[in-house]
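As provided, my_file.pdb (PDB, C-alpha atoms) reads as follows.
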```
ATOM      1  CA  MET A  14     -20.216  -2.533   0.163
ATOM      2  CA  GLU A  15     -21.133  -0.052   2.878
ATOM      3  CA  GLN A  16     -19.414   3.348   2.455
ATOM      4  CA  ILE A  17     -18.557   5.032   5.777
ATOM      5  CA  PRO A  18     -16.444   8.053   6.843
ATOM      6  CA  VAL A  19     -12.736   7.358   7.337
ATOM      7  CA  GLY A  20     -12.909   7.963  11.117
ATOM      8  CA  GLU A  21     -15.684   5.402  11.516
ATOM      9  CA  TRP A  22     -13.835   3.018   9.196
ATOM     10  CA  VAL A  23     -10.707   3.199  11.397
ATOM     11  CA  ARG A  24     -12.830   2.636  14.548
ATOM     12  CA  GLU A  25     -14.428  -0.455  12.982
ATOM     13  CA  LEU A  26     -11.015  -1.772  11.900
ATOM     14  CA  SER A  27      -9.651  -1.150  15.408
ATOM     15  CA  GLY A  28     -12.451  -3.315  16.757
ATOM     16  CA  ILE A  29     -10.965  -6.449  15.181
ATOM     17  CA  GLU A  30      -9.213  -8.408  17.926
ATOM     18  CA  GLU A  31      -5.506  -9.069  17.435
ATOM     19  CA  ARG A  32      -6.023 -12.840  17.205
ATOM     20  CA  ARG A  33      -8.569 -12.246  14.425
ATOM     21  CA  PHE A  34      -6.401  -9.724  12.541
ATOM     22  CA  THR A  35      -5.678 -12.278   9.810
ATOM     23  CA  VAL A  36      -5.273 -11.884   6.048
ATOM     24  CA  GLU A  37      -8.730 -13.361   5.438
ATOM     25  CA  ASN A  38     -10.597 -11.426   8.160
ATOM     26  CA  VAL A  39      -9.159  -8.011   7.323
ATOM     27  CA  LEU A  40      -9.724  -8.583   3.591
ATOM     28  CA  GLU A  41     -13.345  -9.450   4.372
ATOM     29  CA  PHE A  42     -13.588  -6.228   6.398
ATOM     30  CA  CYS A  43     -12.280  -4.277   3.357
ATOM     31  CA  ARG A  44     -14.839  -5.991   1.126
ATOM     32  CA  HIS A  45     -17.659  -5.061   3.504
ATOM     33  CA  TYR A  46     -16.628  -1.482   4.424
ATOM     34  CA  GLY A  47     -15.461   1.150   1.983
ATOM     35  CA  ILE A  48     -14.389   4.696   2.828
ATOM     36  CA  GLU A  49     -16.446   7.686   1.717
ATOM     37  CA  ALA A  50     -13.929   9.361  -0.584
ATOM     38  CA  GLY A  51     -14.763  12.918   0.507
ATOM     39  CA  THR A  52     -13.833  12.168   4.127
ATOM     40  CA  LEU A  53     -10.231  11.463   3.063
ATOM     41  CA  GLU A  54      -9.591  15.030   1.890
ATOM     42  CA  PRO A  55      -7.715  16.194   5.052
ATOM     43  CA  PHE A  56      -5.201  13.357   4.584
ATOM     44  CA  LEU A  57      -4.460  13.743   0.867
ATOM     45  CA  GLN A  58      -1.212  15.313  -0.295
ATOM     46  CA  TRP A  59      -0.152  15.242  -3.945
ATOM     47  CA  ASP A  60       3.271  15.519  -5.572
ATOM     48  CA  PRO A  61       3.834  15.683  -9.348
ATOM     49  CA  CYS A  62       7.160  13.826  -8.999
ATOM     50  CA  CYS A  63       6.237  10.797  -6.883
ATOM     51  CA  TYR A  64       3.408   9.202  -4.990
ATOM     52  CA  THR A  65       2.913  10.346  -1.405
ATOM     53  CA  ARG A  66       2.521   8.317   1.815
ATOM     54  CA  ASN A  67       0.067   9.908   4.248
ATOM     55  CA  LEU A  68      -0.406   8.383   7.692
ATOM     56  CA  ILE A  69      -4.012   8.324   8.892
ATOM     57  CA  TYR A  70      -3.773   6.083  11.970
ATOM     58  CA  LYS A  71      -1.126   4.025  13.768
ATOM     59  CA  CYS A  72      -1.176   1.665  16.744
ATOM     60  CA  PRO A  73       1.101  -1.242  17.734
ATOM     61  CA  LEU A  74      -0.986  -3.730  15.702
ATOM     62  CA  PHE A  75      -1.403  -1.830  12.425
ATOM     63  CA  GLU A  76      -1.159   1.455  10.565
ATOM     64  CA  VAL A  77      -3.470   2.963   7.946
ATOM     65  CA  MET A  78      -2.055   5.079   5.159
ATOM     66  CA  ALA A  79      -3.520   6.980   2.192
ATOM     67  CA  ILE A  80      -1.190   6.849  -0.796
ATOM     68  CA  CYS A  81      -1.852   9.482  -3.473
ATOM     69  CA  TRP A  82      -0.995   8.622  -7.076
ATOM     70  CA  GLU A  83      -0.853  11.127  -9.925
ATOM     71  CA  ILE A  84      -1.497   9.764 -13.412
ATOM     72  CA  GLY A  85       1.370   7.500 -14.488
ATOM     73  CA  GLN A  86       3.020   7.175 -11.072
ATOM     74  CA  ILE A  87       4.221   3.731  -9.999
ATOM     75  CA  SER A  88       5.908   2.235  -6.969
ATOM     76  CA  ARG A  89       9.190   0.445  -7.126
ATOM     77  CA  ILE A  90       8.999  -3.339  -6.869
ATOM     78  CA  HIS A  91       9.062  -4.021  -3.127
ATOM     79  CA  ASN A  92       8.177  -6.261  -0.205
ATOM     80  CA  HIS A  93       6.656  -5.479   3.197
ATOM     81  CA  ARG A  94       9.257  -6.946   5.544
ATOM     82  CA  GLY A  95       7.133 -10.024   6.252
ATOM     83  CA  GLN A  96       4.192  -7.909   7.419
ATOM     84  CA  ASN A  97       0.657  -8.307   6.105
ATOM     85  CA  CYS A  98      -0.811  -5.679   3.806
ATOM     86  CA  TRP A  99      -4.313  -4.937   2.554
ATOM     87  CA  MET A 100      -5.170  -2.314  -0.045
ATOM     88  CA  SER A 101      -8.364  -0.645  -1.193
ATOM     89  CA  VAL A 102      -8.833   2.150  -3.704
ATOM     90  CA  PRO A 103     -11.669   4.549  -2.851
ATOM     91  CA  ILE A 104     -10.598   6.995  -5.596
ATOM     92  CA  GLY A 105      -9.625   5.841  -9.101
ATOM     93  CA  LYS A 106      -8.146   2.446  -9.881
ATOM     94  CA  LEU A 107      -4.707   0.860  -9.698
ATOM     95  CA  LYS A 108      -2.971  -2.203 -11.079
ATOM     96  CA  VAL A 109      -0.944  -4.521  -8.851
ATOM     97  CA  GLN A 110       1.792  -6.574 -10.513
ATOM     98  CA  ASN A 111       3.039  -9.457  -8.374
ATOM     99  CA  PHE A 112       6.478 -11.058  -8.624
ATOM    100  CA  ARG A 113       8.078 -14.320  -7.582
ATOM    101  CA  VAL A 114      11.620 -13.993  -6.268
ATOM    102  CA  GLU A 115      13.263 -17.240  -7.298
ATOM    103  CA  VAL A 116      16.836 -16.743  -6.049
ATOM    104  CA  THR A 117      18.570 -14.213  -3.820
ATOM    105  CA  ASP A 118      22.188 -13.779  -2.824
ATOM    106  CA  SER A 119      22.234 -11.606   0.286
ATOM    107  CA  ALA A 120      26.023 -11.168   0.191
ATOM    108  CA  LYS A 121      25.895  -9.656  -3.318
ATOM    109  CA  GLN A 122      22.334  -8.294  -3.009
ATOM    110  CA  THR A 123      21.393  -9.954  -6.277
ATOM    111  CA  CYS A 124      18.207 -11.747  -7.189
ATOM    112  CA  ARG A 125      16.356 -13.451  -9.978
ATOM    113  CA  MET A 126      12.648 -12.772 -10.201
ATOM    114  CA  MET A 127       9.742 -13.071 -12.578
ATOM    115  CA  ALA A 128       6.407 -11.306 -12.958
ATOM    116  CA  THR A 129       3.438 -13.494 -12.021
ATOM    117  CA  ASP A 130      -0.205 -12.455 -11.704
ATOM    118  CA  THR A 131      -1.881  -9.041 -11.666
ATOM    119  CA  CYS A 132      -5.066  -7.563 -10.261
ATOM    120  CA  ILE A 133      -6.963  -4.322 -10.709
ATOM    121  CA  MET A 134      -8.127  -2.523  -7.564
ATOM    122  CA  ASP A 135     -10.942   0.009  -7.414
ATOM    123  CA  ALA A 136     -13.617   1.022  -4.902
ATOM    124  CA  LEU A 137     -15.312  -2.385  -5.064
ATOM    125  CA  HIS A 138     -12.231  -4.599  -5.391
ATOM    126  CA  PRO A 139      -9.764  -4.461  -2.463
ATOM    127  CA  ALA A 140      -6.779  -6.809  -2.325
ATOM    128  CA  ALA A 141      -4.384  -8.406   0.130
ATOM    129  CA  VAL A 142      -0.700  -8.995  -0.484
ATOM    130  CA  ASN A 143      -0.006 -12.727  -0.717
ATOM    131  CA  PRO A 144       2.158 -13.607   2.326
ATOM    132  CA  VAL A 145       3.771 -16.469   0.369
ATOM    133  CA  GLU A 146       4.824 -14.243  -2.556
ATOM    134  CA  PRO A 147       4.735 -10.699  -1.145
ATOM    135  CA  VAL A 148       6.860  -8.853  -3.725
ATOM    136  CA  HIS A 149       4.780  -6.511  -5.878
ATOM    137  CA  GLN A 150       4.477  -3.156  -7.629
ATOM    138  CA  VAL A 151       1.520  -0.739  -7.705
ATOM    139  CA  LEU A 152       0.813   1.260 -10.872
ATOM    140  CA  ASN A 153      -1.508   4.126 -11.790
ATOM    141  CA  LEU A 154      -1.325   3.484 -15.518
ATOM    142  CA  PRO A 155      -1.482   6.486 -17.894
ATOM    143  CA  GLU A 156      -4.460   4.948 -19.700
ATOM    144  CA  TYR A 157      -6.542   5.261 -16.503
ATOM    145  CA  LYS A 158      -6.365   9.066 -17.040
ATOM    146  CA  ALA A 159      -7.142   9.870 -13.404
ATOM    147  CA  ARG A 160      -5.541  10.375 -10.027
ATOM    148  CA  ALA A 161      -5.954   7.541  -7.543
ATOM    149  CA  VAL A 162      -5.875   7.122  -3.784
ATOM    150  CA  SER A 163      -5.148   3.774  -2.204
ATOM    151  CA  ILE A 164      -5.678   2.946   1.449
ATOM    152  CA  HIS A 165      -3.067   0.580   2.874
ATOM    153  CA  ILE A 166      -3.290  -1.342   6.131
ATOM    154  CA  TYR A 167       0.084  -2.654   7.319
ATOM    155  CA  SER A 168       0.298  -5.127  10.193
ATOM    156  CA  LEU A 169       2.607  -4.726  11.895
ATOM    157  CA  PRO A 170       3.810  -1.204  11.052
ATOM    158  CA  TYR A 171       7.318  -1.133   9.554
ATOM    159  CA  ASP A 172       9.775   1.580   8.496
ATOM    160  CA  SER A 173      11.913  -0.032   5.783
ATOM    161  CA  CYS A 174      11.503  -2.531   2.976
ATOM    162  CA  GLU A 175      13.458  -4.292   0.268
ATOM    163  CA  VAL A 176      13.257  -2.736  -3.199
ATOM    164  CA  TYR A 177      13.995  -4.885  -6.245
ATOM    165  CA  SER A 178      15.259  -4.125  -9.726
ATOM    166  CA  ALA A 179      14.059  -6.835 -12.101
ATOM    167  CA  ASP A 180      16.178  -5.363 -14.919
ATOM    168  CA  LYS A 181      19.432  -5.302 -12.950
ATOM    169  CA  GLY A 182      18.741  -8.401 -10.860
ATOM    170  CA  THR A 183      19.486  -6.567  -7.621
ATOM    171  CA  TYR A 184      17.735  -5.598  -4.409
ATOM    172  CA  MET A 185      18.465  -3.291  -1.504
ATOM    173  CA  ASP A 186      17.049  -2.139   1.795
ATOM    174  CA  VAL A 187      15.442   1.330   1.804
ATOM    175  CA  PRO A 188      13.953   3.431   4.617
ATOM    176  CA  LEU A 189      10.330   4.554   4.353
ATOM    177  CA  TYR A 190       9.024   8.039   5.104
ATOM    178  CA  TYR A 191       5.638   9.669   5.546
ATOM    179  CA  THR A 192       4.684  12.721   3.495
ATOM    180  CA  SER A 193       2.151  13.686   6.148
ATOM    181  CA  GLU A 194       0.967  12.414   9.521
ATOM    182  CA  TYR A 195      -2.661  12.807  10.610
ATOM    183  CA  GLY A 196      -3.236  15.513   7.985
ATOM    184  CA  LYS A 197      -0.118  17.563   8.768
ATOM    185  CA  VAL A 198       2.600  17.773   6.081
ATOM    186  CA  LEU A 199       6.043  16.900   7.397
ATOM    187  CA  SER A 200       8.818  19.314   6.499
ATOM    188  CA  THR A 201      11.247  16.385   6.292
ATOM    189  CA  ALA A 202       9.058  14.333   3.937
ATOM    190  CA  LYS A 203      10.998  12.295   1.394
ATOM    191  CA  SER A 204       9.900   9.927  -1.321
ATOM    192  CA  SER A 205      10.333   6.216  -0.735
TER
END
```
Just give me the structure of the file as structure tokens.
Amino acid sequence: MEQIPVGEWVRELSGIEERRFTVENVLEFCRHYGIEAGTLEPFLQWDPCCYTRNLIYKCPLFEVMAICWEIGQISRIHNHRGQNCWMSVPIGKLKVQNFRVEVTDSAKQTCRMMATDTCIMDALHPAAVNPVEPVHQVLNLPEYKARAVSIHIYSLPYDSCEVYSADKGTYMDVPLYYTSEYGKVLSTAKSS
């Protein structure tokens, strides 16, 4: 894997034509190009209470975000509104737990789901969200004993998602917020 500065990485990603911006092609890009971890520093914001979402680049086709994870932080179980997602982890490692949603009742906002497969992401092992079963959770497990940074590519950009509670058998729509944009912390930043 070739390690390049984040600015060059975004330029290379932007060079992929829209018709070729497929799950397979972008995943292959992520397998070929990694980001030099030190070049991410201007975009990294940390919060002891929850992971942070830091926008690096956005255009009509896709957005790139650095998500900062303290030890033990996890995302809620969520989807990506039918959009494609690719993830790489230039700093640390993360576990992805996938889920199959078997039944939903939109009137009652209830669901039945089950955990399926998992994968571990690190600097050499990027992943793509399965478009057929896109519901998942990202975890920086305590036993990893280190902070982590994941880079997410979302195509198309979106500003809300469905969050699921496997224990309660419910789901709901939630808005998404950035902690920072292009290296500048937003005063209205909220967790998502």
Exercise. So which one's closest to Val77 in chain A, A:Val198, A:Leu107, A:Val102, A:Ile166? Using only C-alpha atoms, please.
Worked result: A:Ile166
For this session: To verify the selection step, state as a list in words which residues the PyMOL selection byres ((chain A and resi 14) around 12) yields on this input.
Result: Glu15, Gln16, Ile17, Glu41, Phe42, Cys43, Arg44, His45, Tyr46, Gly47, Ile48, Glu49, Pro103, Ala136, Leu137, His138 and Pro139 of chain A
For this session: Take CA of Gly85 in chain A and CA of Gly20 in chain A and report the distance between them in Å, one decimal.
Result: 29.3 Å
For this session: Write out as an MDAnalysis selection string the residues lying within 12 Å of Asp130 in chain A, counting all atoms listed in the file and excluding same-chain residues fewer than 5 positions away.
Result: chainID A and resid 108:113 142:143 146:150
Problem set entry | Top pick for closest residue to His165 in chain A, considering A:Arg89, A:Lys181, A:Arg66, A:Lys106 and counting all atoms listed in the file | A:Arg66
For this session: Given the file shown, enumerate the residues that the PyMOL selection byres ((chain A and resi 197) around 12) captures and present them as a ChimeraX atom specification.
Result: /A:54-58,66-69,191-196,198-202
Any chance you could export the current selection's C-alpha atoms as a PDB file, keeping the file's coordinate frame?
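Output contents, as saved in again12.pdb:
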```pdb
ATOM      1  CA  GLU A  54      -9.591  15.030   1.890  1.00  0.00           C
ATOM      2  CA  PRO A  55      -7.715  16.194   5.052  1.00  0.00           C
ATOM      3  CA  PHE A  56      -5.201  13.357   4.584  1.00  0.00           C
ATOM      4  CA  LEU A  57      -4.460  13.743   0.867  1.00  0.00           C
ATOM      5  CA  GLN A  58      -1.212  15.313  -0.295  1.00  0.00           C
ATOM      6  CA  ARG A  66       2.521   8.317   1.815  1.00  0.00           C
ATOM      7  CA  ASN A  67       0.067   9.908   4.248  1.00  0.00           C
ATOM      8  CA  LEU A  68      -0.406   8.383   7.692  1.00  0.00           C
ATOM      9  CA  ILE A  69      -4.012   8.324   8.892  1.00  0.00           C
ATOM     10  CA  TYR A 191       5.638   9.669   5.546  1.00  0.00           C
ATOM     11  CA  THR A 192       4.684  12.721   3.495  1.00  0.00           C
ATOM     12  CA  SER A 193       2.151  13.686   6.148  1.00  0.00           C
ATOM     13  CA  GLU A 194       0.967  12.414   9.521  1.00  0.00           C
ATOM     14  CA  TYR A 195      -2.661  12.807  10.610  1.00  0.00           C
ATOM     15  CA  GLY A 196      -3.236  15.513   7.985  1.00  0.00           C
ATOM     16  CA  VAL A 198       2.600  17.773   6.081  1.00  0.00           C
ATOM     17  CA  LEU A 199       6.043  16.900   7.397  1.00  0.00           C
ATOM     18  CA  SER A 200       8.818  19.314   6.499  1.00  0.00           C
ATOM     19  CA  THR A 201      11.247  16.385   6.292  1.00  0.00           C
ATOM     20  CA  ALA A 202       9.058  14.333   3.937  1.00  0.00           C
TER      21      ALA A 202
END
```
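Of the listed residues A:Ala50, A:Ile90, A:Val151, A:Ala179, the one whose atoms come nearest to Met134 in chain A is A:Val151, with distances taken using all atoms listed in the file.
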Closest-contact table, range 62-169 of chain A side, partner range 28-33 of chain A, 12 Å, counting all atoms listed in the file, as CSV:
```
residue,atom,partner,partner_atom,distance
A:Cys72,CA,A:Glu31,CA,11.6
A:Pro73,CA,A:Glu31,CA,10.2
A:Leu74,CA,A:Glu31,CA,7.2
A:Phe75,CA,A:Glu31,CA,9.7
A:Ser168,CA,A:Glu31,CA,10.1
A:Leu169,CA,A:Glu31,CA,10.7
```
Problem set entry | Shortest interatomic distance to Lys158 in chain A - which of A:Phe34, A:Tyr64, A:Trp82, A:Trp59, counting only C-alpha atoms |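 Looking at the shortest contact to Lys158 in chain A, the residue is A:Trp82.
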For this session: Please measure the separation of CA of Val187 in chain A and CA of Asn38 in chain A, giving the value in Å to one decimal.
Result: 29.7 Å
For this session: Can you give me, as a ChimeraX atom specification, the residues this file yields under the PyMOL selection byres ((chain A and resi 122) around 7)?
Result: /A:118-121,123-124,183-185
